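> final.cif is reproduced in full below (mmCIF, C-alpha atoms).
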```cif
data_work
loop_
_atom_site.label_atom_id
_atom_site.label_comp_id
_atom_site.auth_asym_id
_atom_site.auth_seq_id
_atom_site.Cartn_x
_atom_site.Cartn_y
_atom_site.Cartn_z
CA MET A 24 111.82 125.00 85.11
CA SER A 25 111.69 122.75 88.22
CA GLY A 26 111.60 118.97 88.10
CA GLY A 27 108.01 118.96 89.37
CA ALA A 28 106.92 121.23 86.54
CA TRP A 29 108.56 118.96 83.96
CA THR A 30 106.77 116.00 85.51
CA ILE A 31 103.40 117.72 85.11
CA VAL A 32 104.19 118.68 81.51
CA ALA A 33 105.24 115.12 80.67
CA VAL A 34 102.16 113.52 82.26
CA ALA A 35 99.87 116.04 80.55
CA GLY A 36 101.58 115.37 77.22
CA VAL A 37 101.14 111.60 77.44
CA THR A 38 97.50 111.98 78.49
CA ALA A 39 96.76 114.38 75.64
CA ALA A 40 98.55 112.21 73.09
CA TYR A 41 96.62 109.11 74.09
CA ALA A 42 93.34 111.03 74.09
CA LEU A 43 93.93 112.16 70.49
CA GLY A 44 94.42 108.57 69.32
CA SER A 45 92.11 106.81 71.79
CA ARG A 46 89.40 105.89 69.29
CA ARG A 47 91.91 104.35 66.91
CA LEU A 48 93.77 102.48 69.66
CA SER A 49 90.58 101.15 71.30
CA SER A 50 90.19 98.55 68.53
CA THR A 51 93.76 97.26 68.90
CA PRO A 52 95.51 95.14 71.58
CA LEU A 53 97.37 98.31 72.64
CA SER A 54 95.31 99.18 75.71
CA SER A 55 95.50 102.47 77.58
CA ALA A 56 97.18 100.64 80.47
CA ILE A 57 100.00 99.47 78.19
CA VAL A 58 100.45 102.99 76.80
CA PHE A 59 100.57 104.67 80.21
CA VAL A 60 102.82 102.08 81.85
CA GLY A 61 105.18 102.11 78.86
CA SER A 62 105.29 105.90 78.91
CA GLY A 63 106.04 105.80 82.62
CA ILE A 64 109.06 103.54 82.07
CA LEU A 65 110.33 105.98 79.45
CA LEU A 66 109.82 109.01 81.72
CA GLY A 67 111.27 107.37 84.85
CA PRO A 68 114.81 107.07 86.24
CA ALA A 69 115.49 104.07 83.98
CA ALA A 70 115.36 106.35 80.90
CA LEU A 71 114.63 110.11 80.82
CA ASP A 72 114.54 110.54 84.62
CA ILE A 73 111.68 113.05 84.60
CA VAL A 74 109.41 111.28 87.10
CA ASP A 75 111.19 110.13 90.28
CA LEU A 76 109.63 109.06 93.59
CA GLU A 77 112.75 109.89 95.62
CA ARG A 78 112.94 113.46 94.29
CA ASP A 79 109.47 114.56 95.42
CA PRO A 80 107.39 111.67 96.80
CA ALA A 81 104.54 113.55 98.50
CA PRO A 82 102.53 114.59 95.38
CA ILE A 83 102.95 111.14 93.82
CA ILE A 84 101.77 109.31 96.92
CA ALA A 85 98.85 111.74 97.28
CA LEU A 86 97.82 111.10 93.66
CA LEU A 87 97.87 107.35 94.07
CA GLU A 88 96.01 107.39 97.37
CA THR A 89 93.34 109.70 95.93
CA ALA A 90 92.88 107.46 92.91
CA LEU A 91 92.48 104.30 94.98
CA ALA A 92 90.16 105.92 97.55
CA LEU A 93 87.91 107.24 94.79
CA VAL A 94 87.87 103.92 92.96
CA LEU A 95 87.07 102.02 96.17
CA PHE A 96 84.18 104.39 96.94
CA THR A 97 82.61 104.34 93.48
CA ASP A 98 83.10 100.59 92.98
CA ALA A 99 81.38 99.82 96.27
CA MET A 100 78.67 102.40 95.61
CA THR A 101 77.53 100.74 92.38
CA VAL A 102 77.27 97.22 93.85
CA ARG A 103 73.66 96.28 94.54
CA ARG A 104 72.12 93.56 96.67
CA ARG A 105 70.64 91.91 93.60
CA ASP A 106 74.14 91.57 92.13
CA LEU A 107 74.85 88.97 94.82
CA GLN A 108 71.45 87.28 94.57
CA ALA A 109 70.37 86.51 91.01
CA GLY A 110 73.37 84.76 89.47
CA GLY A 111 75.38 85.77 92.48
CA PHE A 112 76.87 82.32 92.95
CA LEU A 113 79.76 83.26 90.64
CA PRO A 114 81.02 86.44 92.40
CA GLY A 115 80.06 84.87 95.75
CA ARG A 116 82.31 81.88 95.14
CA LEU A 117 85.13 83.99 93.69
CA LEU A 118 85.12 86.36 96.65
CA GLY A 119 84.21 84.01 99.50
CA ILE A 120 86.36 81.05 98.46
CA GLY A 121 88.68 82.10 95.66
CA LEU A 122 90.09 85.28 97.26
CA PRO A 123 91.25 83.70 100.56
CA LEU A 124 92.65 80.74 98.64
CA SER A 125 94.57 83.12 96.36
CA ILE A 126 96.13 84.87 99.35
CA GLY A 127 97.07 81.52 100.87
CA ALA A 128 98.49 80.16 97.61
CA GLY A 129 100.51 83.32 96.99
CA TRP A 130 101.87 83.15 100.53
CA LEU A 131 102.94 79.50 100.26
CA LEU A 132 104.45 79.94 96.81
CA ALA A 133 106.51 82.92 98.00
CA TRP A 134 108.34 80.82 100.64
CA PRO A 135 110.69 78.93 98.26
CA LEU A 136 110.87 81.65 95.57
CA LEU A 137 111.47 84.78 97.66
CA PRO A 138 114.11 83.92 100.28
CA GLY A 139 115.15 86.73 102.56
CA LEU A 140 111.63 87.92 103.35
CA THR A 141 110.07 87.20 106.72
CA VAL A 142 106.88 85.19 107.04
CA TRP A 143 104.73 88.32 107.35
CA GLU A 144 106.49 90.07 104.46
CA LEU A 145 105.70 87.01 102.33
CA ALA A 146 102.09 87.25 103.44
CA LEU A 147 102.11 90.93 102.53
CA VAL A 148 103.25 90.11 98.98
CA ALA A 149 100.38 87.65 98.65
CA ALA A 150 97.81 90.15 99.95
CA ILE A 151 99.03 92.96 97.71
CA LEU A 152 98.79 90.78 94.61
CA ALA A 153 95.43 89.19 95.47
CA PRO A 154 93.00 91.94 94.31
CA THR A 155 92.15 91.97 90.62
CA ASP A 156 91.48 94.89 88.31
CA ALA A 157 89.39 93.52 85.46
CA ALA A 158 89.16 97.00 83.94
CA LEU A 159 92.69 96.44 82.61
CA GLY A 160 91.18 93.78 80.34
CA SER A 161 87.88 95.61 79.92
CA THR A 162 86.91 93.68 76.79
CA ALA A 163 86.54 90.59 78.96
CA LEU A 164 83.72 92.37 80.83
CA SER A 165 82.07 94.20 77.96
CA HIS A 166 82.30 91.91 74.93
CA PRO A 167 78.70 91.12 73.85
CA ARG A 168 79.51 87.52 72.88
CA VAL A 169 80.65 86.66 76.41
CA PRO A 170 77.68 85.35 78.47
CA ALA A 171 76.10 87.87 80.82
CA LEU A 172 76.75 85.61 83.83
CA VAL A 173 80.51 85.71 83.26
CA ARG A 174 80.62 89.45 82.55
CA HIS A 175 78.54 90.08 85.66
CA GLY A 176 80.67 87.82 87.86
CA LEU A 177 84.00 89.37 86.81
CA ASN A 178 82.53 92.85 87.12
CA VAL A 179 81.26 92.36 90.68
CA GLU A 180 84.44 90.53 91.74
CA SER A 181 86.71 93.32 90.51
CA GLY A 182 84.56 95.88 92.29
CA LEU A 183 84.73 94.18 95.68
CA ASN A 184 87.93 92.19 96.08
CA ASP A 185 90.24 95.20 96.38
CA GLY A 186 88.24 96.37 99.41
CA MET A 187 87.99 92.87 100.87
CA VAL A 188 91.77 92.42 100.83
CA LEU A 189 92.41 95.59 102.87
CA PRO A 190 91.88 93.96 106.32
CA PHE A 191 94.46 91.30 105.40
CA PHE A 192 96.86 94.01 104.25
CA VAL A 193 96.69 96.14 107.41
CA LEU A 194 96.89 93.14 109.76
CA PHE A 195 99.91 91.68 107.94
CA LEU A 196 101.55 95.12 107.96
CA ALA A 197 100.89 95.43 111.69
CA ALA A 198 102.76 92.17 112.26
CA ILE A 199 105.97 93.57 110.69
CA PRO A 200 108.22 95.44 113.17
CA GLY A 201 109.04 99.05 112.34
CA THR A 202 105.88 99.92 110.41
CA HIS A 203 103.35 102.57 111.37
CA TYR A 204 100.72 99.95 112.07
CA ALA A 205 103.14 97.87 114.16
CA GLU A 206 103.39 100.74 116.65
CA GLU A 207 99.66 100.33 117.31
CA GLY A 208 99.93 96.56 117.63
CA VAL A 209 97.59 94.05 116.04
CA ALA A 210 94.86 94.72 118.61
CA GLY A 211 95.09 98.48 118.10
CA VAL A 212 95.00 98.08 114.33
CA PHE A 213 91.96 95.84 114.61
CA TRP A 214 90.00 98.44 116.57
CA ARG A 215 91.19 101.56 114.72
CA ALA A 216 91.73 100.39 111.14
CA LEU A 217 88.92 97.85 111.00
CA VAL A 218 86.22 98.61 113.56
CA LEU A 219 86.50 102.41 113.84
CA SER A 220 87.14 102.98 110.14
CA THR A 221 84.18 100.78 109.24
CA ALA A 222 81.93 102.68 111.64
CA LEU A 223 83.08 106.04 110.25
CA GLY A 224 82.50 104.84 106.70
CA LEU A 225 78.98 103.67 107.53
CA LEU A 226 78.18 106.94 109.29
CA VAL A 227 79.56 109.31 106.64
CA GLY A 228 78.30 107.32 103.67
CA GLY A 229 74.86 106.59 105.07
CA LEU A 230 74.29 110.13 106.32
CA GLY A 231 75.68 111.59 103.11
CA GLY A 232 73.30 109.54 100.98
CA ARG A 233 70.29 110.46 103.11
CA LEU A 234 71.14 114.16 102.99
CA LEU A 235 71.52 114.06 99.21
CA GLN A 236 68.12 112.45 98.76
CA TRP A 237 66.55 114.92 101.22
CA SER A 238 68.00 117.86 99.30
CA ARG A 239 67.05 116.45 95.92
CA ALA A 240 63.46 115.79 96.99
CA ARG A 241 63.16 119.53 97.68
CA GLY A 242 64.80 120.54 94.42
CA TRP A 243 67.71 122.22 96.18
CA VAL A 244 70.60 120.51 94.37
CA THR A 245 71.50 120.48 90.68
CA ARG A 246 72.62 117.40 88.78
CA GLU A 247 76.16 118.77 88.43
CA TRP A 248 76.53 119.47 92.14
CA ARG A 249 75.13 116.04 93.04
CA GLN A 250 78.16 114.55 91.35
CA VAL A 251 80.55 116.97 93.08
CA TYR A 252 78.84 116.19 96.40
CA LEU A 253 79.79 112.53 95.97
CA LEU A 254 83.47 113.50 95.85
CA ALA A 255 83.09 115.45 99.08
CA VAL A 256 81.56 112.44 100.84
CA ALA A 257 84.33 110.13 99.59
CA VAL A 258 87.08 112.54 100.73
CA ALA A 259 85.41 113.13 104.11
CA SER A 260 85.16 109.41 104.86
CA TYR A 261 88.79 108.85 103.89
CA GLU A 262 90.23 111.78 105.84
CA LEU A 263 88.18 111.13 108.99
CA ALA A 264 89.65 107.65 109.19
CA VAL A 265 93.17 108.99 108.56
CA VAL A 266 92.99 111.62 111.33
CA THR A 267 91.80 108.95 113.79
CA ASP A 268 94.77 106.72 112.85
CA GLY A 269 92.54 104.26 111.03
CA SER A 270 92.44 103.09 107.42
CA GLY A 271 91.16 105.69 104.99
CA PHE A 272 90.79 103.08 102.27
CA ILE A 273 88.56 100.84 104.38
CA ALA A 274 86.45 103.84 105.40
CA ALA A 275 86.06 104.99 101.79
CA TRP A 276 85.09 101.48 100.65
CA VAL A 277 82.47 101.05 103.38
CA ALA A 278 81.20 104.59 102.82
CA GLY A 279 80.60 103.76 99.17
CA PHE A 280 78.36 100.84 100.15
CA ALA A 281 76.43 102.94 102.64
CA PHE A 282 76.07 105.88 100.24
CA GLY A 283 74.74 103.74 97.39
CA PHE A 284 72.39 101.86 99.72
CA ALA A 285 70.98 105.10 101.11
CA LEU A 286 70.35 106.49 97.63
CA ARG A 287 68.47 103.39 96.55
CA ARG A 288 66.57 102.79 99.76
CA HIS A 289 65.21 106.31 100.16
CA ARG A 290 64.36 107.24 96.59
CA THR A 291 60.66 107.51 95.75
CA GLY A 292 58.40 108.21 92.80
CA HIS A 293 59.67 110.18 89.80
CA GLU A 294 62.36 111.81 91.95
CA ARG A 295 64.62 108.79 91.72
CA GLU A 296 68.34 109.28 91.38
CA ASP A 297 70.26 106.35 89.97
CA PRO A 298 73.49 105.98 91.99
CA ASP A 299 75.25 104.86 88.83
CA ARG A 300 74.47 108.22 87.17
CA THR A 301 75.39 110.12 90.31
CA ALA A 302 78.78 108.39 90.30
CA GLU A 303 79.47 109.03 86.60
CA PHE A 304 81.72 112.06 87.09
CA ALA A 305 83.59 110.43 90.00
CA GLU A 306 84.12 107.23 88.01
CA ASN A 307 85.44 109.16 85.01
CA LEU A 308 87.77 111.12 87.28
CA GLY A 309 88.84 107.89 88.95
CA GLY A 310 89.56 106.39 85.53
CA LEU A 311 91.77 109.31 84.60
CA LEU A 312 93.63 109.24 87.93
CA ALA A 313 94.05 105.46 87.59
CA SER A 314 95.64 105.90 84.16
CA ILE A 315 98.02 108.55 85.46
CA SER A 316 98.78 106.27 88.42
CA LEU A 317 99.81 103.54 85.99
CA LEU A 318 102.20 105.99 84.35
CA VAL A 319 103.70 106.79 87.75
CA PHE A 320 103.90 103.06 88.47
CA GLY A 321 105.87 102.47 85.28
CA ALA A 322 108.27 105.27 86.22
CA VAL A 323 108.94 104.71 89.91
CA LEU A 324 108.41 100.95 90.36
CA LEU A 325 108.48 98.96 87.12
CA GLY A 326 111.30 100.78 85.33
CA PRO A 327 113.82 100.40 88.20
CA ALA A 328 112.62 96.81 88.83
CA LEU A 329 113.44 95.82 85.24
CA GLU A 330 117.08 96.63 85.96
CA HIS A 331 117.21 94.08 88.79
CA LEU A 332 115.35 91.08 87.38
CA SER A 333 116.03 87.55 88.59
CA TRP A 334 114.62 84.21 87.63
CA ARG A 335 112.90 83.96 91.03
CA ILE A 336 111.03 87.24 90.56
CA ILE A 337 109.99 86.37 86.99
CA LEU A 338 108.84 82.88 87.97
CA TYR A 339 106.81 84.17 90.91
CA ALA A 340 105.19 86.80 88.68
CA VAL A 341 104.22 84.20 86.07
CA LEU A 342 102.87 81.78 88.67
CA SER A 343 101.00 84.59 90.44
CA LEU A 344 99.09 85.36 87.24
CA THR A 345 98.43 81.70 86.46
CA LEU A 346 98.59 79.10 89.23
CA VAL A 347 97.88 81.44 92.17
CA ARG A 348 94.82 82.86 90.39
CA MET A 349 93.53 79.96 88.29
CA LEU A 350 93.75 77.10 90.79
CA PRO A 351 91.73 78.92 93.51
CA VAL A 352 89.18 79.92 90.86
CA ALA A 353 88.87 76.31 89.73
CA LEU A 354 88.46 75.10 93.32
CA SER A 355 85.91 77.81 94.13
CA LEU A 356 83.82 76.93 91.05
CA ALA A 357 83.93 73.15 91.58
CA GLY A 358 80.39 71.80 91.49
CA SER A 359 78.98 75.03 90.04
CA GLY A 360 78.02 73.42 86.75
CA LEU A 361 80.15 75.81 84.69
CA ARG A 362 82.05 74.26 81.78
CA LEU A 363 85.85 74.07 81.71
CA PRO A 364 86.31 76.86 79.10
CA THR A 365 84.29 79.19 81.35
CA VAL A 366 86.36 78.31 84.42
CA ALA A 367 89.57 78.87 82.43
CA TYR A 368 88.30 82.20 81.08
CA VAL A 369 87.32 83.48 84.52
CA GLY A 370 90.61 82.20 85.96
CA TRP A 371 92.73 83.95 83.38
CA PHE A 372 91.04 87.33 83.58
CA GLY A 373 92.25 88.31 87.00
CA PRO A 374 94.65 91.14 86.08
CA ARG A 375 96.51 93.03 88.78
CA GLY A 376 96.24 96.79 88.73
CA LEU A 377 95.67 99.95 90.74
CA ALA A 378 95.11 98.42 94.19
CA SER A 379 98.32 96.39 94.00
CA VAL A 380 100.30 99.43 92.83
CA VAL A 381 99.08 101.72 95.62
CA LEU A 382 99.46 99.13 98.38
CA ALA A 383 102.99 98.36 97.22
CA LEU A 384 103.95 102.04 97.30
CA LEU A 385 102.47 102.38 100.79
CA VAL A 386 104.74 99.54 101.89
CA VAL A 387 107.70 101.33 100.25
CA GLU A 388 106.86 104.39 102.36
CA GLU A 389 106.77 102.21 105.50
CA HIS A 390 110.40 101.16 104.92
CA VAL A 391 109.72 97.46 105.44
CA PRO A 392 113.08 95.59 105.68
CA GLY A 393 112.41 93.56 102.52
CA VAL A 394 110.89 96.49 100.67
CA GLN A 395 113.19 96.38 97.64
CA LEU A 396 112.46 92.75 96.82
CA LEU A 397 108.78 93.16 97.65
CA GLY A 398 108.47 96.21 95.39
CA ARG A 399 110.21 94.45 92.50
CA VAL A 400 107.99 91.39 92.75
CA VAL A 401 104.81 93.47 92.73
CA ALA A 402 106.11 95.71 89.94
CA VAL A 403 107.05 92.85 87.63
CA THR A 404 103.79 90.99 88.33
CA VAL A 405 101.59 94.02 87.63
CA GLY A 406 103.66 95.00 84.60
CA LEU A 407 103.42 91.50 83.15
CA SER A 408 99.69 91.49 83.86
CA VAL A 409 99.15 94.81 82.07
CA LEU A 410 100.95 93.43 79.02
CA LEU A 411 99.51 89.91 78.86
CA HIS A 412 95.93 90.65 79.87
CA GLY A 413 95.79 93.74 77.68
CA ILE A 414 97.05 91.92 74.59
CA SER A 415 94.91 88.81 75.10
CA ALA A 416 91.59 90.44 76.06
CA VAL A 417 90.13 90.95 72.57
CA ALA A 418 91.28 87.63 71.08
CA LEU A 419 90.25 85.46 74.03
CA ALA A 420 86.88 87.21 74.42
CA GLU A 421 86.15 86.48 70.74
CA ARG A 422 87.28 82.87 71.00
CA TYR A 423 85.39 82.18 74.21
CA GLY A 424 82.32 83.96 72.83
CA ARG A 425 82.31 81.70 69.77
CA TRP A 426 82.56 78.61 71.98
CA TYR A 427 79.69 79.81 74.16
CA GLU A 428 77.38 80.56 71.22
CA LYS A 429 78.07 77.16 69.67
CA THR A 430 77.58 75.31 72.96
CA ALA A 431 74.46 77.26 73.92
CA ALA A 432 72.85 76.43 70.57
CA ALA A 433 73.41 72.70 71.11
CA THR A 434 72.78 72.43 74.87
CA ARG A 435 69.70 72.96 76.99
CA ASP A 436 69.87 74.35 80.51
CA LEU A 437 73.46 75.52 80.12
CA ARG A 438 74.68 76.92 83.44
CA GLU A 439 76.30 79.84 81.65
CA ASP A 440 72.79 80.92 80.54
CA THR A 441 71.76 81.73 84.13
CA PRO A 442 70.02 85.13 84.02
CA VAL A 443 71.66 87.97 85.92
CA PRO A 444 70.68 91.59 86.56
CA GLU A 445 72.17 94.18 84.28
CA SER A 446 74.97 95.93 86.11
CA PRO A 447 77.26 98.79 85.12
CA VAL A 448 80.75 97.79 84.02
CA ARG A 449 83.57 99.17 86.17
CA ARG A 450 84.53 102.50 84.60
CA ARG A 451 88.04 102.49 85.99
CA LEU A 452 89.65 102.71 82.57
CA GLY A 453 86.48 102.44 80.53
CA PRO A 454 86.17 106.06 79.38
CA LEU A 455 89.73 105.88 78.04
CA ASP A 456 89.54 102.39 76.55
CA LYS A 457 86.14 102.89 74.92
CA PRO A 458 85.78 106.44 73.70
CA GLU A 459 82.48 107.64 72.38
CA THR A 460 82.03 108.09 68.68
#
```
Would you put the structure from the file into structure tokens?


Amino acid sequence: MSGGAWTIVAVAGVTAAYALGSRRLSSTPLSSAIVFVGSGILLGPAALDIVDLERDPAPIIALLETALALVLFTDAMTVRRRDLQAGGFLPGRLLGIGLPLSIGAGWLLAWPLLPGLTVWELALVAAILAPTDAALGSTALSHPRVPALVRHGLNVESGLNDGMVLPFFVLFLAAIPGTHYAEEGVAGVFWRALVLSTALGLLVGGLGGRLLQWSRARGWVTREWRQVYLLAVAVASYELAVVTDGSGFIAAWVAGFAFGFALRRHRTGHEREDPDRTAEFAENLGGLLASISLLVFGAVLLGPALEHLSWRIILYAVLSLTLVRMLPVALSLAGSGLRLPTVAYVGWFGPRGLASVVLALLVVEEHVPGVQLLGRVVAVTVGLSVLLHGISAVALAERYGRWYEKTAAATRDLREDTPVPESPVRRRLGPLDKPET
């Protein structure tokens, strides 16, 4: 049996094993992310050597890119205008102020701790580790004792910041000699990866949404094929940008916005189609692919990185999850009226996940001069995040929820009581973390 076949068998076995015990594990600190990353380390070159990026990289890269493109599309699709209006000051501040500050802080902190990397490689590390994946600590978003404002803010932030960091990523990559984007130059990347890809995403997503509503109004499309149709639109937006030498991820993200907007804007009467229901199959598929991607991450990045640890890498990883995240959050929420426990809770739950993993592997494929150190830093940071945020999610959500209930009972006009619209929680790992009874 070939190595590729053994890889498929191993991944299928881990997925099946977790599925069989998912209900039991969902009430413990042992999250699906921890299980899949840990299994990846065991299956990778550091242990059993079943999954190896160098042996056959194309299928692995394709899997990770598909997972991220699908997640970007569905996350953007489910964001609504009202999410950034009523109670929108929290995600607005986190994205508009906190995200750029996090990139800047990560960049500055990398200078003394990661010698040997160029200024743009340091910036690339900061950009890769800036997006959060709150689904890795899904209890923080779904726990009923946590105020709706906080759940809503973390939910919207995690759905948008991975797409918002992409322009920084491609521009920093274009500034590094020898990369694919550097051949185009910064100006070429700006027009192709940012302007053209955005235009293609708007066109494909907007037209795709209009056509779906037109077909549904005439009763031509079934519910099952509506959900498959969404996958076709996401893939088309991604591939059109790729074949025009743009950014498929940016196109998929923008297409998700346009698709969701078109579905909501042009629905009428009893023939309404909720975009969140239309995206259900794609989100579940994205959740599965994201889990498998974490297994691959454990095998090809984290496992080898654990064999080359240094105090600089560990310190940067710890500070990236604490200072680089929490200080910008605190600055962005200054004057918001939110209490200190709320600011600390929001600051802590900024786990790194799928976006960081995929962007790091794309850099590995670009053969950036400092790629080994860069890959190890990202791997250790994401691995530490999976462990710490996964273990702490349940306990901290309970503790913060108790504080909120006690404070809300004794305080009038508490800022945390600001009403917000009900919004769907990111499903990235939800179907695996919270199985149905």

> Please identify all polymer residues within 10 Å of Pro167 of chain A, counting only C-alpha atoms, omitting same-chain residues fewer than 3 positions from it, and present them as an MDAnalysis selection string.

chainID A and resid 162:164 170:171 174 420:421 424

> What does the structure give for the distance between atom CA of Thr404 of chain A and atom CA of Pro190 of chain A, in Å to one decimal?

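These two atoms are separated by 21.8 Å.
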
> Report as JSON lines: every residue of segment 272-351 of chain A with an atom at most 10 Å from segment 118-138 of chain A, its closest pair of atoms, and their distance in Å to one decimal, counting only C-alpha atoms, with rows sorted by chain and ascending residue number.


```
{"residue": "A:Trp334", "atom": "CA", "partner": "A:Leu136", "partner_atom": "CA", "distance": 9.1}
{"residue": "A:Arg335", "atom": "CA", "partner": "A:Leu136", "partner_atom": "CA", "distance": 5.5}
{"residue": "A:Ile336", "atom": "CA", "partner": "A:Leu136", "partner_atom": "CA", "distance": 7.5}
{"residue": "A:Ile337", "atom": "CA", "partner": "A:Leu136", "partner_atom": "CA", "distance": 9.8}
{"residue": "A:Leu338", "atom": "CA", "partner": "A:Leu136", "partner_atom": "CA", "distance": 8.0}
{"residue": "A:Tyr339", "atom": "CA", "partner": "A:Leu136", "partner_atom": "CA", "distance": 6.7}
{"residue": "A:Leu342", "atom": "CA", "partner": "A:Leu132", "partner_atom": "CA", "distance": 8.5}
{"residue": "A:Ser343", "atom": "CA", "partner": "A:Gly129", "partner_atom": "CA", "distance": 6.7}
{"residue": "A:Leu346", "atom": "CA", "partner": "A:Ala128", "partner_atom": "CA", "distance": 8.4}
{"residue": "A:Val347", "atom": "CA", "partner": "A:Ser125", "partner_atom": "CA", "distance": 5.6}
{"residue": "A:Arg348", "atom": "CA", "partner": "A:Ser125", "partner_atom": "CA", "distance": 6.0}
{"residue": "A:Met349", "atom": "CA", "partner": "A:Ser125", "partner_atom": "CA", "distance": 8.7}
{"residue": "A:Leu350", "atom": "CA", "partner": "A:Ser125", "partner_atom": "CA", "distance": 8.2}
{"residue": "A:Pro351", "atom": "CA", "partner": "A:Gly121", "partner_atom": "CA", "distance": 4.9}
```

> Determine the residue membership of the PyMOL selection byres ((chain A and resi 141) around 12) for the file above and supply it as a PDB file with C-alpha atoms, in the frame of the given file.


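Saved to part_34.pdb:
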```pdb
ATOM      1  CA  TRP A 130     101.870  83.150 100.530  1.00  0.00           C
ATOM      2  CA  ALA A 133     106.510  82.920  98.000  1.00  0.00           C
ATOM      3  CA  TRP A 134     108.340  80.820 100.640  1.00  0.00           C
ATOM      4  CA  PRO A 135     110.690  78.930  98.260  1.00  0.00           C
ATOM      5  CA  LEU A 137     111.470  84.780  97.660  1.00  0.00           C
ATOM      6  CA  PRO A 138     114.110  83.920 100.280  1.00  0.00           C
ATOM      7  CA  GLY A 139     115.150  86.730 102.560  1.00  0.00           C
ATOM      8  CA  LEU A 140     111.630  87.920 103.350  1.00  0.00           C
ATOM      9  CA  VAL A 142     106.880  85.190 107.040  1.00  0.00           C
ATOM     10  CA  TRP A 143     104.730  88.320 107.350  1.00  0.00           C
ATOM     11  CA  GLU A 144     106.490  90.070 104.460  1.00  0.00           C
ATOM     12  CA  LEU A 145     105.700  87.010 102.330  1.00  0.00           C
ATOM     13  CA  ALA A 146     102.090  87.250 103.440  1.00  0.00           C
ATOM     14  CA  LEU A 147     102.110  90.930 102.530  1.00  0.00           C
ATOM     15  CA  VAL A 148     103.250  90.110  98.980  1.00  0.00           C
ATOM     16  CA  PHE A 195      99.910  91.680 107.940  1.00  0.00           C
ATOM     17  CA  LEU A 196     101.550  95.120 107.960  1.00  0.00           C
ATOM     18  CA  ALA A 198     102.760  92.170 112.260  1.00  0.00           C
ATOM     19  CA  ILE A 199     105.970  93.570 110.690  1.00  0.00           C
ATOM     20  CA  PRO A 200     108.220  95.440 113.170  1.00  0.00           C
ATOM     21  CA  VAL A 391     109.720  97.460 105.440  1.00  0.00           C
ATOM     22  CA  PRO A 392     113.080  95.590 105.680  1.00  0.00           C
ATOM     23  CA  GLY A 393     112.410  93.560 102.520  1.00  0.00           C
ATOM     24  CA  VAL A 394     110.890  96.490 100.670  1.00  0.00           C
ATOM     25  CA  LEU A 396     112.460  92.750  96.820  1.00  0.00           C
ATOM     26  CA  LEU A 397     108.780  93.160  97.650  1.00  0.00           C
TER      27      LEU A 397
END
```

> Given the choices A:Thr30, A:Ser408, A:Ser270, A:Thr202, which gets closest to Ala56 of chain A if the distance is worked out from all atoms listed in the file?

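Looking at the shortest contact to Ala56 of chain A, the residue is A:Ser408.
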
> Missing atoms in segment 36-47 of chain A: can you complete it with N, CA and C atoms, as a PDB file, keeping the file's coordinate frame?


```pdb
ATOM      1  N   GLY A  36     101.306 115.683  78.613  1.00  0.00           N
ATOM      2  CA  GLY A  36     101.580 115.370  77.220  1.00  0.00           C
ATOM      3  C   GLY A  36     101.181 113.954  76.843  1.00  0.00           C
ATOM      4  N   VAL A  37     101.511 112.991  77.706  1.00  0.00           N
ATOM      5  CA  VAL A  37     101.140 111.600  77.440  1.00  0.00           C
ATOM      6  C   VAL A  37      99.621 111.444  77.427  1.00  0.00           C
ATOM      7  N   THR A  38      98.953 112.064  78.413  1.00  0.00           N
ATOM      8  CA  THR A  38      97.500 111.980  78.490  1.00  0.00           C
ATOM      9  C   THR A  38      96.842 112.571  77.246  1.00  0.00           C
ATOM     10  N   ALA A  39      97.316 113.732  76.824  1.00  0.00           N
ATOM     11  CA  ALA A  39      96.760 114.380  75.640  1.00  0.00           C
ATOM     12  C   ALA A  39      97.015 113.555  74.382  1.00  0.00           C
ATOM     13  N   ALA A  40      98.222 113.008  74.262  1.00  0.00           N
ATOM     14  CA  ALA A  40      98.550 112.210  73.090  1.00  0.00           C
ATOM     15  C   ALA A  40      97.679 110.969  72.996  1.00  0.00           C
ATOM     16  N   TYR A  41      97.469 110.298  74.135  1.00  0.00           N
ATOM     17  CA  TYR A  41      96.620 109.110  74.090  1.00  0.00           C
ATOM     18  C   TYR A  41      95.169 109.489  73.771  1.00  0.00           C
ATOM     19  N   ALA A  42      94.707 110.600  74.345  1.00  0.00           N
ATOM     20  CA  ALA A  42      93.340 111.030  74.090  1.00  0.00           C
ATOM     21  C   ALA A  42      93.099 111.264  72.605  1.00  0.00           C
ATOM     22  N   LEU A  43      94.078 111.862  71.913  1.00  0.00           N
ATOM     23  CA  LEU A  43      93.930 112.160  70.490  1.00  0.00           C
ATOM     24  C   LEU A  43      93.833 110.892  69.647  1.00  0.00           C
ATOM     25  N   GLY A  44      94.466 109.820  70.085  1.00  0.00           N
ATOM     26  CA  GLY A  44      94.420 108.570  69.320  1.00  0.00           C
ATOM     27  C   GLY A  44      93.600 107.484  69.973  1.00  0.00           C
ATOM     28  N   SER A  45      92.805 107.832  70.993  1.00  0.00           N
ATOM     29  CA  SER A  45      92.110 106.810  71.790  1.00  0.00           C
ATOM     30  C   SER A  45      91.117 105.998  70.982  1.00  0.00           C
ATOM     31  N   ARG A  46      90.389 106.628  70.072  1.00  0.00           N
ATOM     32  CA  ARG A  46      89.400 105.890  69.290  1.00  0.00           C
ATOM     33  C   ARG A  46      90.081 104.868  68.389  1.00  0.00           C
ATOM     34  N   ARG A  47      91.177 105.266  67.789  1.00  0.00           N
ATOM     35  CA  ARG A  47      91.910 104.350  66.910  1.00  0.00           C
ATOM     36  C   ARG A  47      92.526 103.212  67.711  1.00  0.00           C
TER      37      ARG A  47
END
```
